[in-house]
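Peer 1: Structure: work33.cif, mmCIF, C-alpha atoms.
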```
data_input
loop_
_atom_site.label_atom_id
_atom_site.label_comp_id
_atom_site.auth_asym_id
_atom_site.auth_seq_id
_atom_site.Cartn_x
_atom_site.Cartn_y
_atom_site.Cartn_z
CA MET A 6 -57.46 61.54 207.41
CA MET A 7 -57.56 64.92 205.70
CA SER A 8 -60.84 66.66 205.46
CA GLU A 9 -62.35 67.98 202.29
CA GLU A 10 -61.20 71.47 203.24
CA HIS A 11 -57.58 70.30 203.47
CA ARG A 12 -57.79 68.72 200.06
CA GLU A 13 -59.18 71.86 198.49
CA THR A 14 -56.57 74.10 199.96
CA GLY A 15 -53.83 71.64 199.03
CA THR A 16 -51.92 72.21 202.22
CA GLY A 17 -52.50 68.88 203.71
CA TRP A 18 -52.78 70.37 207.13
CA PRO A 19 -55.38 72.57 208.72
CA GLU A 20 -54.56 76.26 208.62
CA PRO A 21 -54.16 77.91 211.96
CA GLU A 22 -57.07 79.89 213.13
CA LYS A 23 -56.68 83.62 212.92
CA PRO A 24 -57.52 85.63 215.91
CA ALA A 25 -60.89 87.21 215.73
CA ARG A 26 -60.96 90.91 215.20
CA PRO A 27 -63.01 92.73 217.66
CA PRO A 28 -66.20 94.23 216.38
CA GLY A 29 -66.17 97.78 215.31
CA PRO A 30 -66.20 99.91 212.24
CA ALA A 31 -63.89 98.77 209.53
CA SER A 32 -62.26 102.12 209.12
CA GLU A 33 -61.29 102.49 212.75
CA PRO A 34 -57.91 101.13 213.91
CA ASP A 35 -57.61 98.60 216.66
CA PRO A 36 -57.09 100.43 219.90
CA ARG A 37 -54.90 97.72 221.38
CA PRO A 38 -51.21 98.65 221.51
CA ASP A 39 -49.97 95.22 220.40
CA ALA A 40 -52.52 94.86 217.69
CA PRO A 41 -51.11 93.50 214.38
CA ASP A 42 -51.02 95.53 211.21
CA PRO A 43 -54.16 95.00 209.17
CA ASP A 44 -52.04 94.67 206.04
CA GLU A 45 -50.05 91.82 207.57
CA LEU A 46 -53.25 90.02 208.40
CA SER A 47 -54.46 90.28 204.80
CA PRO A 48 -54.32 86.96 202.93
CA LEU A 49 -53.05 88.69 199.75
CA ALA A 50 -49.36 88.35 198.81
CA PRO A 51 -47.13 91.50 198.70
CA ALA A 52 -47.04 91.49 194.90
CA GLU A 53 -50.84 91.27 194.79
CA ARG A 54 -51.09 94.11 197.24
CA GLU A 55 -48.81 96.23 195.10
CA ALA A 56 -50.90 95.46 192.03
CA GLU A 57 -54.11 96.09 193.93
CA ASP A 58 -52.91 99.34 195.53
CA PRO A 59 -50.57 101.09 192.99
CA PRO A 60 -48.13 103.45 194.69
CA ALA A 61 -48.76 107.14 194.50
CA ASP A 62 -46.30 109.43 192.70
CA ASP A 63 -45.65 111.38 195.86
CA ALA A 64 -45.00 108.37 198.09
CA PRO A 65 -42.19 108.85 200.60
CA ALA A 66 -38.70 107.42 199.93
CA GLY A 67 -38.99 104.92 202.77
CA SER A 68 -42.17 103.32 201.42
CA ALA A 69 -42.49 100.23 199.22
CA THR A 70 -42.24 102.34 196.02
CA ALA A 71 -38.55 103.11 196.70
CA LYS A 72 -37.46 99.45 196.53
CA PRO A 73 -37.01 99.19 192.70
CA MET A 74 -34.97 102.42 192.71
CA SER A 75 -32.80 101.02 195.49
CA ARG A 76 -32.12 97.94 193.42
CA ARG A 77 -31.10 100.14 190.44
CA LEU A 78 -28.78 102.16 192.66
CA THR A 79 -27.24 98.95 193.94
CA SER A 80 -26.45 97.76 190.38
CA ALA A 81 -24.85 101.12 189.46
CA GLY A 82 -22.77 101.00 192.63
CA ALA A 83 -21.54 97.54 191.75
CA MET A 84 -20.51 98.73 188.28
CA ILE A 85 -18.69 101.74 189.76
CA ALA A 86 -16.92 99.45 192.20
CA VAL A 87 -15.73 97.23 189.34
CA LEU A 88 -14.45 100.24 187.40
CA LEU A 89 -12.65 101.57 190.46
CA ALA A 90 -11.05 98.15 190.99
CA LEU A 91 -9.80 98.09 187.39
CA LEU A 92 -8.46 101.63 187.73
CA GLY A 93 -6.67 100.70 190.93
CA PHE A 94 -5.14 97.61 189.30
CA THR A 95 -3.91 99.74 186.38
CA LEU A 96 -2.36 102.27 188.74
CA VAL A 97 -0.63 99.52 190.70
CA VAL A 98 0.82 97.98 187.52
CA GLN A 99 2.02 101.39 186.31
CA LEU A 100 3.60 102.19 189.65
CA LYS A 101 5.39 98.83 189.68
CA THR A 102 6.65 99.46 186.15
CA THR A 103 7.92 102.95 186.83
CA SER A 104 9.35 102.04 190.20
CA THR A 105 11.78 99.43 188.86
CA ASP A 106 14.62 101.87 189.48
CA PRO A 107 14.33 102.88 193.17
CA THR A 108 16.53 105.92 192.53
CA LEU A 109 14.23 107.34 189.89
CA ALA A 110 11.18 106.49 191.97
CA ALA A 111 12.49 108.61 194.83
CA THR A 112 13.64 111.48 192.57
CA ARG A 113 11.79 114.74 192.56
CA GLU A 114 10.20 116.13 189.42
CA GLU A 115 12.78 118.93 189.19
CA ASP A 116 15.60 116.40 189.36
CA LEU A 117 13.98 114.28 186.67
CA VAL A 118 13.73 117.33 184.40
CA ARG A 119 17.40 118.11 185.01
CA ILE A 120 18.41 114.50 184.30
CA SER A 121 16.41 114.55 181.04
CA SER A 122 18.10 117.81 180.03
CA ASP A 123 21.55 116.38 180.81
CA LEU A 124 20.80 113.30 178.73
CA ASP A 125 19.73 115.47 175.80
CA SER A 126 22.91 117.54 176.07
CA ARG A 127 25.04 114.40 176.23
CA GLU A 128 23.28 113.00 173.15
CA ARG A 129 24.02 116.22 171.24
CA ARG A 130 27.69 116.10 172.26
CA LEU A 131 27.97 112.47 171.20
CA ARG A 132 26.41 113.25 167.84
CA GLN A 133 28.87 116.10 167.36
CA ASP A 134 31.75 113.77 168.25
CA ILE A 135 30.51 111.20 165.75
CA ALA A 136 30.28 113.85 163.03
CA ALA A 137 33.81 115.07 163.83
CA LEU A 138 35.21 111.54 163.73
CA GLU A 139 33.50 110.84 160.41
CA GLU A 140 34.97 114.06 159.00
CA SER A 141 38.43 113.09 160.27
CA GLN A 142 38.06 109.67 158.71
CA ARG A 143 37.07 111.27 155.40
CA GLN A 144 40.04 113.62 155.55
CA LEU A 145 42.39 110.78 156.41
CA ARG A 146 41.13 108.75 153.51
CA SER A 147 41.39 111.74 151.22
CA GLY A 148 44.87 112.50 152.57
CA GLU A 149 45.90 108.89 152.12
CA GLN A 150 44.69 108.91 148.54
CA GLY A 151 46.46 112.21 147.99
CA ARG A 152 49.66 110.85 149.50
CA ALA A 153 49.41 107.73 147.37
CA ALA A 154 48.90 109.82 144.23
CA ALA A 155 51.79 112.12 145.20
CA LEU A 156 54.02 109.13 145.89
CA GLU A 157 53.11 107.59 142.56
CA GLU A 158 53.84 110.87 140.77
CA ALA A 159 57.14 111.29 142.64
CA THR A 160 58.17 107.73 141.75
CA ARG A 161 57.33 108.31 138.09
CA ARG A 162 59.26 111.58 138.08
CA ALA A 163 62.23 109.98 139.81
CA ASP A 164 62.28 107.22 137.20
CA GLU A 165 62.26 109.77 134.41
CA LEU A 166 65.05 111.74 136.01
CA GLY A 167 66.98 108.54 136.62
CA ILE A 168 66.74 107.63 132.95
CA LEU A 169 67.80 111.11 131.86
CA ALA A 170 70.68 111.08 134.37
CA GLY A 171 71.74 107.62 133.24
CA THR A 172 71.37 106.05 136.69
CA LEU A 173 68.51 103.75 135.63
CA PRO A 174 68.31 101.33 132.70
CA ALA A 175 65.65 101.91 130.04
CA VAL A 176 63.89 99.99 127.32
CA GLY A 177 61.65 101.08 124.46
CA PRO A 178 61.31 101.51 120.70
CA GLY A 179 64.16 103.22 118.94
CA LEU A 180 67.10 102.90 116.55
CA SER A 181 70.40 101.14 116.27
CA VAL A 182 72.89 103.44 114.44
CA ARG A 183 76.20 101.87 113.35
CA PHE A 184 79.12 104.08 112.25
CA GLU A 185 81.78 102.47 110.02
CA GLY A 186 84.82 103.94 108.30
CA GLY A 187 88.28 105.33 108.89
CA ASP A 188 89.47 107.72 111.56
CA LYS A 189 88.54 110.72 109.44
CA ALA A 190 84.98 109.48 108.90
CA LEU A 191 84.55 108.64 112.60
CA ALA A 192 85.99 111.79 114.10
CA PRO A 193 84.62 112.78 117.52
CA THR A 194 82.87 115.80 116.03
CA ARG A 195 80.83 113.62 113.68
CA ILE A 196 79.73 111.31 116.55
CA LEU A 197 78.88 114.35 118.67
CA ASP A 198 76.85 115.79 115.79
CA ALA A 199 74.91 112.53 115.54
CA VAL A 200 74.16 112.59 119.29
CA GLN A 201 72.94 116.18 119.07
CA GLU A 202 70.69 115.39 116.09
CA LEU A 203 69.20 112.44 117.94
CA ARG A 204 68.55 114.54 121.07
CA GLY A 205 66.89 117.21 118.98
CA ALA A 206 64.65 114.51 117.43
CA GLY A 207 63.38 113.38 120.85
CA ALA A 208 65.90 110.77 121.95
CA GLU A 209 65.30 109.87 125.64
CA ALA A 210 68.15 107.45 126.40
CA MET A 211 71.37 106.57 124.54
CA GLN A 212 74.55 104.58 124.89
CA ILE A 213 77.56 104.04 122.61
CA ALA A 214 79.62 100.85 122.36
CA GLY A 215 82.94 100.09 120.63
CA ALA A 216 84.06 97.10 118.61
CA ASP A 217 85.09 95.20 121.74
CA GLY A 218 81.68 95.69 123.40
CA THR A 219 82.77 98.41 125.82
CA ALA A 220 79.77 100.73 126.32
CA VAL A 221 79.29 104.18 127.79
CA ARG A 222 75.97 105.77 128.79
CA ILE A 223 75.41 109.08 127.02
CA ILE A 224 73.95 111.85 129.21
CA ALA A 225 73.89 115.65 129.06
CA SER A 226 77.45 116.01 130.35
CA THR A 227 79.02 113.30 128.13
CA TYR A 228 82.03 114.45 126.07
CA PHE A 229 83.84 112.99 123.01
CA VAL A 230 87.57 113.42 122.24
CA ASP A 231 90.21 111.74 120.07
CA GLY A 232 92.29 108.98 121.59
CA GLN A 233 96.12 109.18 121.56
CA ASP A 234 96.51 106.01 119.52
CA GLY A 235 93.39 106.54 117.50
CA GLY A 236 89.91 105.65 118.44
CA LEU A 237 87.47 107.66 120.52
CA VAL A 238 87.46 108.63 124.20
CA VAL A 239 83.96 109.00 125.66
CA ASP A 240 83.72 110.29 129.25
CA GLY A 241 87.28 109.09 129.86
CA ARG A 242 86.82 105.62 128.38
CA ARG A 243 88.56 104.64 125.14
CA LEU A 244 86.46 103.01 122.42
CA SER A 245 87.55 101.60 119.04
CA GLY A 246 85.46 101.61 115.91
CA PRO A 247 83.18 100.71 114.46
CA TYR A 248 80.76 102.33 116.96
CA THR A 249 77.17 101.45 117.63
CA VAL A 250 74.75 103.90 119.18
CA LEU A 251 71.55 102.51 120.74
CA VAL A 252 68.89 105.19 121.16
CA ILE A 253 65.29 105.11 122.55
CA GLY A 254 62.73 107.43 120.99
CA ASP A 255 60.43 107.77 118.02
CA PRO A 256 62.23 105.81 115.25
CA ALA A 257 60.75 107.69 112.29
CA THR A 258 61.52 111.15 113.68
CA MET A 259 65.09 110.25 114.61
CA ARG A 260 65.77 108.59 111.25
CA THR A 261 64.54 111.68 109.47
CA ALA A 262 66.81 113.88 111.58
CA LEU A 263 69.88 111.75 110.71
CA ASN A 264 69.10 111.75 106.98
CA ILE A 265 68.47 115.43 106.42
CA PRO A 266 70.55 116.93 103.59
CA GLY A 267 73.97 117.92 104.87
CA GLY A 268 73.31 116.10 108.10
CA VAL A 269 75.12 113.29 109.92
CA VAL A 270 74.65 110.55 107.32
CA ALA A 271 75.69 112.85 104.49
CA SER A 272 78.85 114.13 106.26
CA VAL A 273 80.02 110.62 107.26
CA THR A 274 79.39 109.34 103.75
CA ASP A 275 81.33 112.27 102.25
CA ALA A 276 84.29 111.44 104.53
CA GLY A 277 84.42 107.85 103.25
CA GLY A 278 82.40 106.23 106.00
CA ASN A 279 79.01 104.56 106.26
CA VAL A 280 76.01 104.92 108.59
CA ILE A 281 73.63 101.97 109.01
CA VAL A 282 70.29 102.85 110.66
CA GLU A 283 67.97 100.06 111.85
CA ASP A 284 64.55 100.39 113.44
CA ARG A 285 63.91 98.30 116.55
CA GLU A 286 60.73 97.72 118.50
CA ALA A 287 62.62 97.24 121.76
CA VAL A 288 65.94 98.89 122.33
CA GLU A 289 67.56 98.17 125.71
CA VAL A 290 69.86 100.82 127.12
CA SER A 291 71.40 98.98 130.06
CA GLN A 292 74.69 100.80 130.60
CA LEU A 293 74.59 103.07 133.70
CA HIS A 294 76.35 106.31 134.50
CA ALA A 295 77.64 107.08 137.96
CA PRO A 296 75.54 109.68 139.78
CA ILE A 297 76.86 113.18 139.46
CA LYS A 298 77.49 114.96 142.74
CA LEU A 299 76.56 118.61 142.48
CA GLU A 300 78.97 121.02 144.19
CA HIS A 301 77.38 124.40 143.54
CA ALA A 302 73.83 124.05 142.29
CA ARG A 303 70.99 123.91 144.89
CA PRO A 304 67.25 123.68 144.36
CA VAL A 305 65.30 126.92 144.78
CA SER A 306 63.24 126.77 147.98
#
```
What is this file in C-alpha coordinates?
Peer 2:
Amino acid sequence: MMSEEHRETGTGWPEPEKPARPPGPASEPDPRPDAPDPDELSPLAPAEREAEDPPADDAPAGSATAKPMSRRLTSAGAMIAVLLALLGFTLVVQLKTTSTDPTLAATREEDLVRISSDLDSRERRLRQDIAALEESQRQLRSGEQGRAAALEEATRRADELGILAGTLPAVGPGLSVRFEGGDKALAPTRILDAVQELRGAGAEAMQIAGADGTAVRIIASTYFVDGQDGGLVVDGRRLSGPYTVLVIGDPATMRTALNIPGGVVASVTDAGGNVIVEDREAVEVSQLHAPIKLEHARPVS
(Lines of atoms letter the chains of each structure in order from A and count residues from 1; the text may use other names and numbers.)
(Lines give C-alpha, C1' and ligand atoms only; values in the text may rest on other atoms or scores of the structure.)
Protein backbone atom coordinates (compact mmCIF):
# COMPACT_ATOMS: atom_id res chain seq x y z
CA MET A 1 0.00 0.00 0.00
CA MET A 2 1.33 3.40 -1.00
CA SER A 3 1.33 6.10 1.56
CA GLU A 4 -0.19 9.50 1.11
CA GLU A 5 3.28 10.91 0.44
CA HIS A 6 3.80 8.47 -2.45
CA ARG A 7 0.51 9.46 -3.98
CA GLU A 8 1.31 13.14 -3.80
CA THR A 9 4.69 12.77 -5.36
CA GLY A 10 3.28 10.49 -8.04
CA THR A 11 6.29 8.23 -8.02
CA GLY A 12 4.64 5.26 -6.56
CA TRP A 13 7.71 4.40 -4.60
CA PRO A 14 9.38 6.07 -1.67
CA GLU A 15 12.23 8.37 -2.62
CA PRO A 16 15.59 7.39 -1.30
CA GLU A 17 16.75 9.28 1.68
CA LYS A 18 19.42 11.85 1.04
CA PRO A 19 22.41 11.83 3.21
CA ALA A 20 22.29 14.42 5.89
CA ARG A 21 24.59 17.34 5.48
CA PRO A 22 26.71 18.02 8.41
CA PRO A 23 25.93 21.11 10.36
CA GLY A 24 27.81 24.21 9.58
CA PRO A 25 27.44 27.51 7.87
CA ALA A 26 25.73 27.36 4.54
CA SER A 27 28.43 29.28 2.77
CA GLU A 28 31.24 27.00 3.84
CA PRO A 29 32.12 23.99 1.65
CA ASP A 30 32.10 20.48 2.99
CA PRO A 31 35.57 19.65 4.15
CA ARG A 32 35.28 15.99 3.21
CA PRO A 33 37.27 15.05 0.10
CA ASP A 34 34.55 12.80 -1.35
CA ALA A 35 31.77 15.18 -0.59
CA PRO A 36 29.24 15.60 -3.45
CA ASP A 37 28.77 18.85 -5.31
CA PRO A 38 26.08 20.96 -3.69
CA ASP A 39 24.64 21.70 -7.12
CA GLU A 40 24.21 18.00 -7.85
CA LEU A 41 22.36 17.57 -4.60
CA SER A 42 19.94 20.36 -5.48
CA PRO A 43 16.46 19.08 -6.40
CA LEU A 44 16.16 21.63 -9.25
CA ALA A 45 16.58 20.44 -12.86
CA PRO A 46 19.51 21.79 -14.98
CA ALA A 47 17.20 23.98 -17.05
CA GLU A 48 15.70 25.45 -13.88
CA ARG A 49 19.15 26.09 -12.53
CA GLU A 50 20.12 27.90 -15.70
CA ALA A 51 16.98 30.02 -15.51
CA GLU A 52 17.52 30.66 -11.82
CA ASP A 53 21.22 31.50 -12.17
CA PRO A 54 21.70 33.25 -15.59
CA PRO A 55 25.25 32.90 -16.89
CA ALA A 56 27.55 35.85 -16.65
CA ASP A 57 28.91 37.49 -19.82
CA ASP A 58 32.46 36.73 -18.81
CA ALA A 59 31.90 33.06 -18.03
CA PRO A 60 34.73 30.77 -19.11
CA ALA A 61 34.47 28.73 -22.34
CA GLY A 62 34.33 25.44 -20.47
CA SER A 63 31.29 26.42 -18.40
CA ALA A 64 27.62 25.68 -19.11
CA THR A 65 27.24 28.93 -21.13
CA ALA A 66 29.45 27.56 -23.94
CA LYS A 67 27.10 24.66 -24.76
CA PRO A 68 24.72 26.54 -27.14
CA MET A 69 27.71 27.96 -29.04
CA SER A 70 29.15 24.46 -29.34
CA ARG A 71 25.90 23.25 -30.84
CA ARG A 72 25.99 26.12 -33.40
CA LEU A 73 29.57 25.27 -34.30
CA THR A 74 28.59 21.65 -34.77
CA SER A 75 25.81 22.59 -37.24
CA ALA A 76 28.19 24.82 -39.27
CA GLY A 77 30.74 22.02 -39.35
CA ALA A 78 28.15 19.62 -40.68
CA MET A 79 27.20 22.07 -43.44
CA ILE A 80 30.87 22.55 -44.37
CA ALA A 81 31.33 18.80 -44.46
CA VAL A 82 28.39 18.44 -46.86
CA LEU A 83 29.78 21.16 -49.13
CA LEU A 84 33.21 19.55 -49.11
CA ALA A 85 31.63 16.20 -50.01
CA LEU A 86 29.79 17.76 -52.97
CA LEU A 87 32.99 19.48 -54.11
CA GLY A 88 34.88 16.22 -53.89
CA PHE A 89 32.19 14.40 -55.89
CA THR A 90 32.33 17.09 -58.58
CA LEU A 91 36.10 16.84 -58.79
CA VAL A 92 35.93 13.06 -59.08
CA VAL A 93 33.36 13.26 -61.90
CA GLN A 94 35.46 15.86 -63.74
CA LEU A 95 38.61 13.80 -63.37
CA LYS A 96 36.83 10.71 -64.69
CA THR A 97 35.53 12.71 -67.64
CA THR A 98 38.87 14.23 -68.56
CA SER A 99 40.77 11.03 -67.94
CA THR A 100 38.90 9.00 -70.57
CA ASP A 101 41.97 9.18 -72.79
CA PRO A 102 44.86 7.83 -70.65
CA THR A 103 47.39 9.42 -73.02
CA LEU A 104 46.00 12.91 -72.54
CA ALA A 105 45.64 12.34 -68.81
CA ALA A 106 49.36 11.60 -68.53
CA THR A 107 50.41 14.46 -70.85
CA ARG A 108 52.11 17.50 -69.47
CA GLU A 109 50.64 20.97 -69.84
CA GLU A 110 53.37 22.00 -72.31
CA ASP A 111 52.60 18.98 -74.48
CA LEU A 112 48.89 19.75 -74.40
CA VAL A 113 49.59 23.31 -75.54
CA ARG A 114 51.76 22.00 -78.38
CA ILE A 115 49.08 19.48 -79.41
CA SER A 116 46.45 22.25 -79.44
CA SER A 117 48.71 24.43 -81.58
CA ASP A 118 49.33 21.56 -84.01
CA LEU A 119 45.61 20.93 -84.31
CA ASP A 120 45.00 24.62 -85.06
CA SER A 121 47.71 24.59 -87.73
CA ARG A 122 46.27 21.44 -89.28
CA GLU A 123 42.80 23.00 -89.33
CA ARG A 124 44.17 26.07 -91.14
CA ARG A 125 45.94 23.88 -93.71
CA LEU A 126 42.80 21.85 -94.31
CA ARG A 127 40.76 25.00 -94.80
CA GLN A 128 43.32 26.27 -97.30
CA ASP A 129 43.18 22.94 -99.15
CA ILE A 130 39.39 23.13 -99.26
CA ALA A 131 39.54 26.67 -100.65
CA ALA A 132 42.08 25.61 -103.29
CA LEU A 133 39.96 22.63 -104.34
CA GLU A 134 36.86 24.79 -104.60
CA GLU A 135 38.78 27.27 -106.77
CA SER A 136 40.03 24.43 -108.97
CA GLN A 137 36.51 23.11 -109.30
CA ARG A 138 35.28 26.57 -110.29
CA GLN A 139 38.05 26.91 -112.86
CA LEU A 140 37.34 23.46 -114.25
CA ARG A 141 33.68 24.26 -114.59
CA SER A 142 34.50 27.59 -116.18
CA GLY A 143 37.04 25.91 -118.47
CA GLU A 144 34.53 23.22 -119.37
CA GLN A 145 31.94 25.84 -120.24
CA GLY A 146 34.55 27.74 -122.21
CA ARG A 147 35.59 24.59 -124.06
CA ALA A 148 31.96 23.77 -124.79
CA ALA A 149 31.35 27.28 -126.13
CA ALA A 150 34.56 27.14 -128.19
CA LEU A 151 33.60 23.73 -129.56
CA GLU A 152 30.15 24.99 -130.46
CA GLU A 153 31.64 28.03 -132.19
CA ALA A 154 34.19 25.87 -134.03
CA THR A 155 31.45 23.49 -135.18
CA ARG A 156 29.33 26.39 -136.44
CA ARG A 157 32.31 27.88 -138.25
CA ALA A 158 33.23 24.53 -139.78
CA ASP A 159 29.67 24.12 -141.03
CA GLU A 160 29.77 27.55 -142.63
CA LEU A 161 33.10 26.84 -144.26
CA GLY A 162 31.83 23.46 -145.40
CA ILE A 163 28.85 25.08 -147.09
CA LEU A 164 31.01 27.72 -148.74
CA ALA A 165 33.50 25.05 -149.86
CA GLY A 166 30.70 22.86 -151.18
CA THR A 167 31.57 19.88 -148.95
CA LEU A 168 28.31 20.07 -146.97
CA PRO A 169 24.72 20.19 -148.21
CA ALA A 170 22.61 23.24 -147.38
CA VAL A 171 18.97 24.23 -147.21
CA GLY A 172 17.25 27.59 -146.88
CA PRO A 173 15.13 30.23 -148.59
CA GLY A 174 16.22 31.29 -152.03
CA LEU A 175 15.52 31.27 -155.76
CA SER A 176 15.19 28.85 -158.62
CA VAL A 177 16.55 30.52 -161.82
CA ARG A 178 15.86 28.71 -165.12
CA PHE A 179 17.75 29.71 -168.30
CA GLU A 180 16.11 28.80 -171.64
CA GLY A 181 17.13 29.59 -175.20
CA GLY A 182 19.65 28.80 -177.91
CA ASP A 183 23.39 28.41 -177.64
CA LYS A 184 23.92 32.13 -178.12
CA ALA A 185 21.51 33.04 -175.32
CA LEU A 186 23.04 30.46 -172.96
CA ALA A 187 26.70 31.18 -173.57
CA PRO A 188 29.04 30.43 -170.66
CA THR A 189 29.70 34.12 -170.12
CA ARG A 190 26.02 34.82 -169.51
CA ILE A 191 25.76 31.97 -166.94
CA LEU A 192 28.95 33.20 -165.27
CA ASP A 193 27.52 36.73 -165.14
CA ALA A 194 24.39 35.39 -163.45
CA VAL A 195 26.48 33.53 -160.84
CA GLN A 196 28.51 36.67 -160.12
CA GLU A 197 25.36 38.79 -159.74
CA LEU A 198 23.89 36.26 -157.33
CA ARG A 199 27.09 36.15 -155.25
CA GLY A 200 27.16 39.92 -155.09
CA ALA A 201 23.53 39.86 -153.86
CA GLY A 202 24.39 37.58 -150.92
CA ALA A 203 24.05 34.08 -152.33
CA GLU A 204 25.48 31.53 -149.83
CA ALA A 205 25.17 28.22 -151.72
CA MET A 206 24.48 27.39 -155.38
CA GLN A 207 24.33 24.49 -157.79
CA ILE A 208 23.56 24.22 -161.51
CA ALA A 209 21.82 21.31 -163.23
CA GLY A 210 21.33 20.43 -166.91
CA ALA A 211 18.33 19.07 -168.75
CA ASP A 212 19.24 15.49 -167.88
CA GLY A 213 19.47 16.25 -164.14
CA THR A 214 23.26 16.27 -163.94
CA ALA A 215 24.22 18.83 -161.26
CA VAL A 216 27.42 20.57 -160.26
CA ARG A 217 28.06 22.45 -157.00
CA ILE A 218 29.15 26.03 -157.64
CA ILE A 219 31.98 27.28 -155.41
CA ALA A 220 34.58 30.04 -155.63
CA SER A 221 36.83 28.08 -157.99
CA THR A 222 34.06 26.84 -160.35
CA TYR A 223 34.62 27.62 -164.05
CA PHE A 224 32.31 27.67 -167.11
CA VAL A 225 33.39 26.89 -170.71
CA ASP A 226 31.75 25.91 -174.00
CA GLY A 227 31.41 22.24 -174.82
CA GLN A 228 32.81 20.83 -178.09
CA ASP A 229 29.43 19.66 -179.33
CA GLY A 230 27.52 22.50 -177.77
CA GLY A 231 26.29 22.74 -174.28
CA LEU A 232 28.19 23.92 -171.21
CA VAL A 233 31.13 22.44 -169.32
CA VAL A 234 31.13 23.27 -165.61
CA ASP A 235 34.17 22.17 -163.58
CA GLY A 236 34.88 19.51 -166.22
CA ARG A 237 31.34 18.14 -166.42
CA ARG A 238 29.24 18.65 -169.55
CA LEU A 239 25.69 19.98 -169.11
CA SER A 240 22.98 20.53 -171.74
CA GLY A 241 20.36 23.23 -171.62
CA PRO A 242 18.06 24.40 -170.39
CA TYR A 243 19.94 25.04 -167.11
CA THR A 244 18.52 25.51 -163.66
CA VAL A 245 20.41 27.30 -160.93
CA LEU A 246 19.31 26.72 -157.32
CA VAL A 247 20.58 29.43 -154.99
CA ILE A 248 20.18 30.03 -151.19
CA GLY A 249 20.01 33.61 -149.97
CA ASP A 250 17.65 36.54 -149.60
CA PRO A 251 15.16 36.06 -152.47
CA ALA A 252 14.19 39.73 -152.88
CA THR A 253 17.77 41.00 -152.99
CA MET A 254 18.90 38.36 -155.48
CA ARG A 255 15.87 38.90 -157.73
CA THR A 256 16.57 42.61 -157.80
CA ALA A 257 20.20 41.97 -158.73
CA LEU A 258 19.18 39.75 -161.68
CA ASN A 259 16.63 42.25 -162.99
CA ILE A 260 18.69 45.41 -162.94
CA PRO A 261 18.72 47.27 -166.28
CA GLY A 262 21.37 45.80 -168.56
CA GLY A 263 21.83 42.90 -166.20
CA VAL A 264 21.55 39.13 -166.62
CA VAL A 265 17.84 38.94 -167.45
CA ALA A 266 18.09 41.79 -169.95
CA SER A 267 21.16 40.35 -171.77
CA VAL A 268 19.65 36.83 -172.04
CA THR A 269 16.37 38.26 -173.28
CA ASP A 270 18.20 40.39 -175.87
CA ALA A 271 19.99 37.26 -177.14
CA GLY A 272 16.69 35.46 -177.73
CA GLY A 273 16.54 33.53 -174.48
CA ASN A 274 14.37 33.60 -171.38
CA VAL A 275 15.05 33.71 -167.62
CA ILE A 276 12.41 32.38 -165.23
CA VAL A 277 12.93 33.39 -161.57
CA GLU A 278 10.88 31.69 -158.83
CA ASP A 279 10.95 32.39 -155.10
CA ARG A 280 11.16 29.37 -152.81
CA GLU A 281 10.88 29.12 -149.05
CA ALA A 282 13.17 26.09 -148.92
CA VAL A 283 15.82 25.55 -151.52
CA GLU A 284 17.92 22.40 -151.08
CA VAL A 285 21.45 22.48 -152.44
CA SER A 286 22.46 18.84 -152.09
CA GLN A 287 25.20 18.44 -154.69
CA LEU A 288 28.68 18.24 -153.10
CA HIS A 289 32.08 19.32 -154.35
CA ALA A 290 35.19 17.29 -153.66
CA PRO A 291 37.46 18.89 -151.07
CA ILE A 292 40.21 20.99 -152.54
CA LYS A 293 43.70 20.04 -151.44
CA LEU A 294 45.84 23.12 -151.00
CA GLU A 295 49.41 22.81 -152.27
CA HIS A 296 50.89 26.20 -151.45
CA ALA A 297 48.69 28.15 -149.07
CA ARG A 298 49.24 27.69 -145.29
CA PRO A 299 47.49 29.37 -142.38
CA VAL A 300 49.41 32.18 -140.68
CA SER A 301 50.58 31.04 -137.24
Peer 1: Could you give me, as number ranges by chain, the residues within 6 Å of Gly236 of chain A, counting all atoms listed in the file and dropping anything in the same chain fewer than 4 positions from it?
Peer 2: A: 232, 244-245
Peer 1: Record the distance separating atom CA of Gly171 of chain A and atom CA of Ala190 of chain A, expressed in Å with one decimal.
Peer 2: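 Straight-line distance from atom CA of Gly171 of chain A to atom CA of Ala190 of chain A works out to 27.8 Å.
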Peer 1: In terms of the shortest atom-to-atom distance over all atoms listed in the file, which of A:Val282, A:Leu124, A:Ser291, A:His301 is closest to Val269 of chain A?
Peer 2: A:Val282
Peer 1: Can you list, as a list of chain:residue names, the residues that the PyMOL selection byres ((chain A and resi 221) around 10) selects here?
Peer 2: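 With the shown file as input, the PyMOL selection byres ((chain A and resi 221) around 10) matches A:Gly171, A:Met211, A:Gln212, A:Ile213, A:Ala214, A:Gly215, A:Gly218, A:Thr219, A:Ala220, A:Arg222, A:Ile223, A:Ile224, A:Thr227, A:Val238, A:Val239, A:Asp240, A:Gly241, A:Arg242, A:Arg243, A:Leu244, A:Val250, A:Ser291, A:Gln292, A:Leu293, A:His294.
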Peer 1: Would you kindly translate the PyMOL selection byres ((chain A and resi 200) around 12) into the concrete residues it picks from this file, as a ChimeraX atom specification?
Peer 2: /A:182,193-199,201-213,222-225,227-229,249-252,259,262-263,268-269
Peer 1: Give me, please, the distance in Å between atom CA of Ile281 of chain A and atom CA of Pro174 of chain A, quoted to one decimal.
Peer 2: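 Straight-line distance from atom CA of Ile281 of chain A to atom CA of Pro174 of chain A works out to 24.3 Å.
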Peer 1: Calculate how many Å separate atom CA of Glu185 of chain A from atom CA of Tyr248 of chain A, rounding to one decimal.
Peer 2: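 So the answer is 7.0 Å.
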Peer 1: Do you know which residues the PyMOL selection byres ((chain A and resi 179) around 6) returns on this file, as a count of residues only?
Peer 2: 9
